[in-house]
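**Student:** Let me give you the structure first, and then I'll get to my questions.
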Amino acid sequence: MTGTPQTPLSATTSPADLSREGIEGPVLARGVDDEPLAGNQRDFSGGLGAGLMIALCILYTAFHIGVMNLYPLETWTYRLIHVAGGLVLGFLLFSAASVSAAPAQTGRPLRVAPLEWPLLIVAAGGIGYAAAMIAYAWGGWWLTGAARPPAFVFETYGIPLTAGMVAALAGAWFFPERSRGRLHWADILLAVAAIVVLGYILFNVGALRLRAGTGLAQTADFYAALVGVILILEATRRLAGLALVIIAAIFILYSFAGPYLPGFLTHRGYTPTRFFTYIYTDQGILGDTTAVSSTYIILFITFAAFLQASKVGDYFVNFAFAAAGHARGGPAKVAVFASGLMGMINGTSAGNVVATGSLTIPLMKRVGYPARSSGAIEAAASSGGQIMPPIMGAGAFIMAEVTGIPYTEIVIAAIIPSVLYFASVYFMVDLQALKLGMKGLPRNELPVFAKLVKQVYLFIPVIILIYALFAGYSVIRAGTLAMVAAAVVSWLTPHRMGVTAVLRAFELAAKMSIQLVAVCACAGIIVGVIALTGVGARFSALLLALAAQNQLLALFFAMCIAIVLGMGMPTTAAYAVAAAVVAPGLISLGIPVLTAHFFVFYFAVMSAITPPVALAAYAGAALSGSDPMRTSVESFKIGLAAFVVPFMFFYSQALLMQGDWLEIAHVFVTASVGIFLLAAAVQGWFFGLLNPIVRIILLVGALAMIKGGLVSDLIGLVIGGGVLLYQKKVVSPRDLAHGLD
C-alpha cells in the first residue's frame with residue numbers, strides 16, 4: 001500500500017474532527033491500513049507524469065477485473081500481459097536504489113552525467129531498434145494481415161535488445177536518480193524492454209506453445225525469454241529485496257551446473273536456448289504462481305484497496321480496541337485480532353506489521369510491554385494472518401491451484417489450526433500481561449463500543465465474501481461481490497465511494513499488487529527449474545530414505561528446508577517454492593496431499609518470524625525501537641504454536657477436519673489445552689510464577705499432547721493438573737514425586 005500513515009488519534013481529538021468522521025467518542029485508528037513509501041519508491045505529485053502513472057495503474061487493475069468478470073482472454077495472453085504490466089509499473093514506480101526522503105521535486109530538468117551518455121546511447125539504440133522491429137511485425141499483421149514479417153525482423157532484434165537492456169541496467173545501478181519525484185531514463189527504457197518482450201511472445205504465442213523448451217526453439221525465442229527473465233529478477237530485487245533473487249539465481253545456475261554435481265543433484269544439463277524458453281512457459285513463469293497472482297491475488301488486493309478507500313480497515317481496528325482495549329495488555333490483544341484480520345486480506349506479513357503496527361506497537365509499550373515484546377507480538381499476529389481463512393493471504397488459492405483440492409475444502413481444513421495459533425498468541429500476551437501486572441487502556445481513551453456496534457454493518461463485505469464462497473460461487477465472483485459490497489456500505493458512512501474513490505482504489509490496488517506480481521513470476525522461475533531438472537523427485541527419494549530411519553527426522557528435515565527457502569521472501573513466493581521442493585517428498589512418505597501442503601505452508605509462513613532472517617520481526621523491531629535479532633527470537637517464542645501445530649495435524653488429521661465429528665472435537669479440545677500449557681511454559685506463568693524446573697515439566701506435558709492419542713493426552717493432562725495443584729498449594733513436591741511412583 002502507498003501513502004504515509006497518519007498519526008493515530010487519541011482521546012484528545014477534537015469533537016469537530018470526530019463529528020467529521022461520523023464517530024462519537026475517541027478514535028484510535030485512522031489511516032491504519034496505509035503504508036509508508038518504500039525507500040526506493042517514487043512519489044509523483046502533480047503534472048503530466050503523475051496523471052500518466054495514475055492512469056496506468058487504474059488501467060492495469062481495470063484490465064484484470066474486466067477480464068475476470070466480463071471478457072475472458074486466452075490463458076497465455078492474459079498472464080503475459082499481467083506480468084509485463086507489472087514489470088512496467090515496477091520499473092516506473094520503484095528506483096534501482098534508494099531515493100531521497102525529501103518531498104518530490106518534478107520541475108528539475110533531466111541531467112545526464114558525462115559517463116552516462118555511452119550507456120544511454122547503447123540502451124536507447126538497442127531497445128529502440130528492437131521496439132521498432134516488433135512494431136513493424138505487429139503493424140504488418142494489423143494493416144496487411146501478414147502472419148510473418150520479413151526474416152530480418154526477428155533475426156536481428158535479439159542482440160540489440162539484450163545489449164540495450166544491459167546498458168539500461170548499468171545506468172540504473174551506477175547512476176540512479178535520487179529524486180523521489182523524477183523518472184530515470186534507464187527505468188523508462190527497461191519498461192519499454194518489458195513491452196518488447198511481451199510483443200514478441202504474443203506475436204508468436206501459438207508457435208511458442210509447441211516449440212518452447214524443445215530442440216525446435218529458435219534463437220529469437222531465446223533472446224525474448226532471456227531478457228524477460230532478467231527483467232523479472234531486477235523487478236523482484238527492487239520490490240522484494242535480494243533473498244528471492246539469490247535463490248532464483250542459484251536454481252538457474254543449477255540448471256547448467258547439474259552435470260558436474262554429485263549424488264541426487266546431478267542431471268544432464270541444458271542449452272541456454274532450451275532452458276530459457278522452457279522457463280518462460282506455463283511450466284515456469286506463466287505457471288501456477290502467475291495463474292494465482294493474475295486472478296486471486298490481484299482480486300483480493302483490489303478488495304483490500306476498496307476496504308482502505310471506504311475506511312472499513314480503520315473500523316476493524318477501532319472495533320477491536322473498543323472490545324478488548326480495556327483488558328489487561330489490551331493493545332496486544334487488539335493486535336492479535338486486528339493484525340490477523342488485516343494480514344489475512346493484504347497477503348504480506350512485513351507490510352501488515354508496518355501498517356497496523358504503527359498504531360498498536362506504541363500503545364503496547366504504553367501499557368507496559370517491553371519494546372522487544374511489542375514488536376514481536378505484532379509480527380507474530382501479522383504473520384498469523386497468512387494462515388487465517390477464508391483468504392489466508394492468497395495461500396489458499398495457490399494451494400487449490402497446485403493440489404487440485406477444492407478451495408472450500410482447504411478453507412475448512414484451515415479453521416482449527418488457525419484458531420489454535422491465534423489462541424496460543426492470545427494466551428502468550430495474556431500470561432505476559434498477568435506476569436508483569438499490566439492494565440489496559442483507560443475506557444475514556446477508547447472508542448465507545450456501543451457506538452461502534454451501530455456500525456457493525458461495515459463487516460458486511462467480509463460476511464458476503466465468506467457466504468458467497470461457501471454458497472458455491474466462484475472465488476472470482478465472490479471477491480467481486482465483496483468489492484461491490486464495500487463500495488455500497490461506504491454510502492452509510494461519511495466516506496462514500498463515488499467514481500473518484502473507486503478509481504483511487506484501482507490505483508492503490510495496482511501499486512499494492514506489483515510486488516506480488518514480481519515475486520510470483522520469480523517463484524515461477526524456481527518452479528520451472530524444479531520441473532525441468534527433476535530435482536523435486538530426487539529430493540522426495542532422499543526424504544523416503546530418511547523416513548526409513550525415522551519419519552519424525554524426515555519431517556524435521558522438511559520443516560527446516562521450508563523455513564530456509566522462505567527466509568526473506570513474501571509468504572506467497574515462500575509457499576510456492578516450498579510446495580514445489582518439499583511437498584512432493586512428504587507425499588511420497590504416504591502423507592495425504594492436503595496434510596503435506598499444510599505442513600509446508602505453515603513453515604513457509606512462519607519463516608517471516610524465524611531467526612536469523614525474520615522480515616516481519618525486523619519490521620516490528622524498526623517500529624518499536626528494539627534490537628532486530630532479539631525481537632525475532634521473541635517473535636519466534638510467541639509464535640511457537642505454529643511450529644508445533646503442523647506436527648499435531650500430521651499425527652492427527654482430525655485437526656484438518658478429516659474424520660468424524662467426535663474425533664475432531666476430541667483433538668481440538670486436547671490440542672487447545674496443550675497450546676495453553678505451551679504458552680504457560682514459554683512465558684513462565686501458569687497460575688503463578690513458574691521456576692525453571694516446573695516450566696520444563698509443563699513443556700513436556702504440552703508436547704505430550706501433540707500426538708493426539710489417548711495415552712499421550714492423559715499424560716499431558718496429568719502433568720498440567722499436577723502443576724496446577726502444586727501452584728495452588730494443594731500438593732507438595734513430595735506428593736507429586738510419590739504420585740509418579
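By order in the C-alpha cells, chains are A, B, ...; within a chain, residues start at 1; ligands start at 1, following the order shown.
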Give me the residues within 9 Å of Gly625 (chain A) as a ChimeraX atom specification, counting only C-alpha atoms and dropping any in the same chain fewer than 4 places off.
**Tutor:** /A:371-372,375,620-621
**Student:** May I have the residues from that selection written out with N, CA and C atoms, as a compact mmCIF listing (two decimals), in the first residue's frame?
**Tutor:**
# COMPACT_ATOMS: atom_id res chain seq x y z
N ALA A 371 9.73 -3.04 24.64
CA ALA A 371 9.79 -2.72 23.21
C ALA A 371 9.97 -3.98 22.37
N ARG A 372 10.82 -4.88 22.86
CA ARG A 372 11.07 -6.12 22.12
C ARG A 372 9.79 -6.94 21.98
N GLY A 375 7.13 -5.30 19.41
CA GLY A 375 7.39 -5.59 18.01
C GLY A 375 7.18 -7.06 17.68
N GLY A 620 8.81 -5.10 12.84
CA GLY A 620 8.32 -4.77 14.18
C GLY A 620 9.39 -4.12 15.03
N ALA A 621 10.63 -4.60 14.89
CA ALA A 621 11.73 -4.01 15.66
C ALA A 621 11.99 -2.56 15.25
**Student:** Would you mind listing what lies within 10 Å of Ala679 (chain A) as a ChimeraX atom specification, with only C-alpha atoms counted and same-chain residues fewer than 6 positions away left out?
**Tutor:** /A:423-432,637-641,673,685-686,698-699,702
**Student:** Calculated over only C-alpha atoms, which of the candidates A:Leu242, A:Val519, A:Ala376, A:Ala305 has the smallest distance to Val336 (chain A)?
**Tutor:**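 Smallest separation from Val336 (chain A) among the options: A:Ala376.
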**Student:** Contacts of Ile58 (chain A) at 10 Å or less, counting only C-alpha atoms, minus same-chain residues fewer than 4 places along, as a VMD selection string?
**Tutor:** chain A and resid 52 to 54 62 to 63 502 to 511
**Student:** Name the closest residue to Tyr129 (chain A) among the candidates A:Met438, A:Leu161, A:Met497, A:Met569; distances are taken between atoms, counting only C-alpha atoms.
**Tutor:**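 With only C-alpha atoms as the atom set, the closest residue is A:Leu161.
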**Student:** Using only C-alpha atoms, pick whichever of A:Ala554, A:Val312, A:Val564, A:Val711 has the shortest atom-to-atom distance to Met483 (chain A).
**Tutor:** A:Val312
**Student:** As a VMD selection string, please: every residue in region 260-450 of chain A that a backbone DSSP assignment puts in helix (DSSP H, G or I).
**Tutor:** chain A and resid 260 263 to 265 272 to 279 288 to 309 312 to 324 330 to 346 349 to 367 371 to 387 392 to 403 407 to 436 443 to 445 449 to 450
**Student:** Tell me which protein, DNA and RNA residues are within 6 Å of region 279-288 of chain A, counting only C-alpha atoms, leaving out same-chain ones fewer than 4 positions away, and put them as a VMD selection string.
**Tutor:** chain A and resid 225 521 524 to 525 527 to 528
**Student:** So, counting only C-alpha atoms, which residue among A:Asn318, A:Val99, A:Ile697, A:Phe203 is closest to Gly721 (chain A)?
**Tutor:**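 Nearest to Gly721 (chain A): A:Ile697.
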**Student:** Would you mind telling me which residue in A:Arg79, A:Lys365, A:Arg238, A:Arg180 lies nearest to Leu198 (chain A) when using only C-alpha atoms?
**Tutor:** A:Arg79
**Student:** Set the distance at 9 Å and use only C-alpha atoms: which residues neighbour Met344 (chain A) once local chain neighbours fewer than 6 positions away are removed? I'd like the list as a PyMOL selection string.
**Tutor:** chain A and resi 382-394
**Student:** Give the answer as one residue: which of A:Cys57, A:Leu93, A:Val488, A:Ala217 has the shortest atom-to-atom distance to Leu183 (chain A), using only C-alpha atoms?
**Tutor:**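 Looking at the shortest contact to Leu183 (chain A), the residue is A:Leu93.
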**Student:** Would you list the contacts of Val605 (chain A) as a ChimeraX atom specification, taking every protein, DNA or RNA residue within 12 Å and counting only C-alpha atoms, but skipping same-chain residues closer than 2 positions in sequence?
**Tutor:** /A:343-344,347-350,379-388,392-395,559,562-579,598-603,607-610,614-616,639,642-643,646
**Student:** Quick check, in Å to one decimal: how far apart do CA of Ile416 (chain A) and CA of Ser294 (chain A) lie?
**Tutor:**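 Going from CA of Ile416 (chain A) over to CA of Ser294 (chain A), I get 29.2 Å.
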**Student:** Got a sec: who's within 7 Å of region 449-454 of chain A, counting only C-alpha atoms, leaving out chain neighbours fewer than 2 positions off, as a list in words?
**Tutor:**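 Using only C-alpha atoms, the neighbours found are Glu24, Phe319, Ala322, Ala323, Pro447 and Val456 of chain A.
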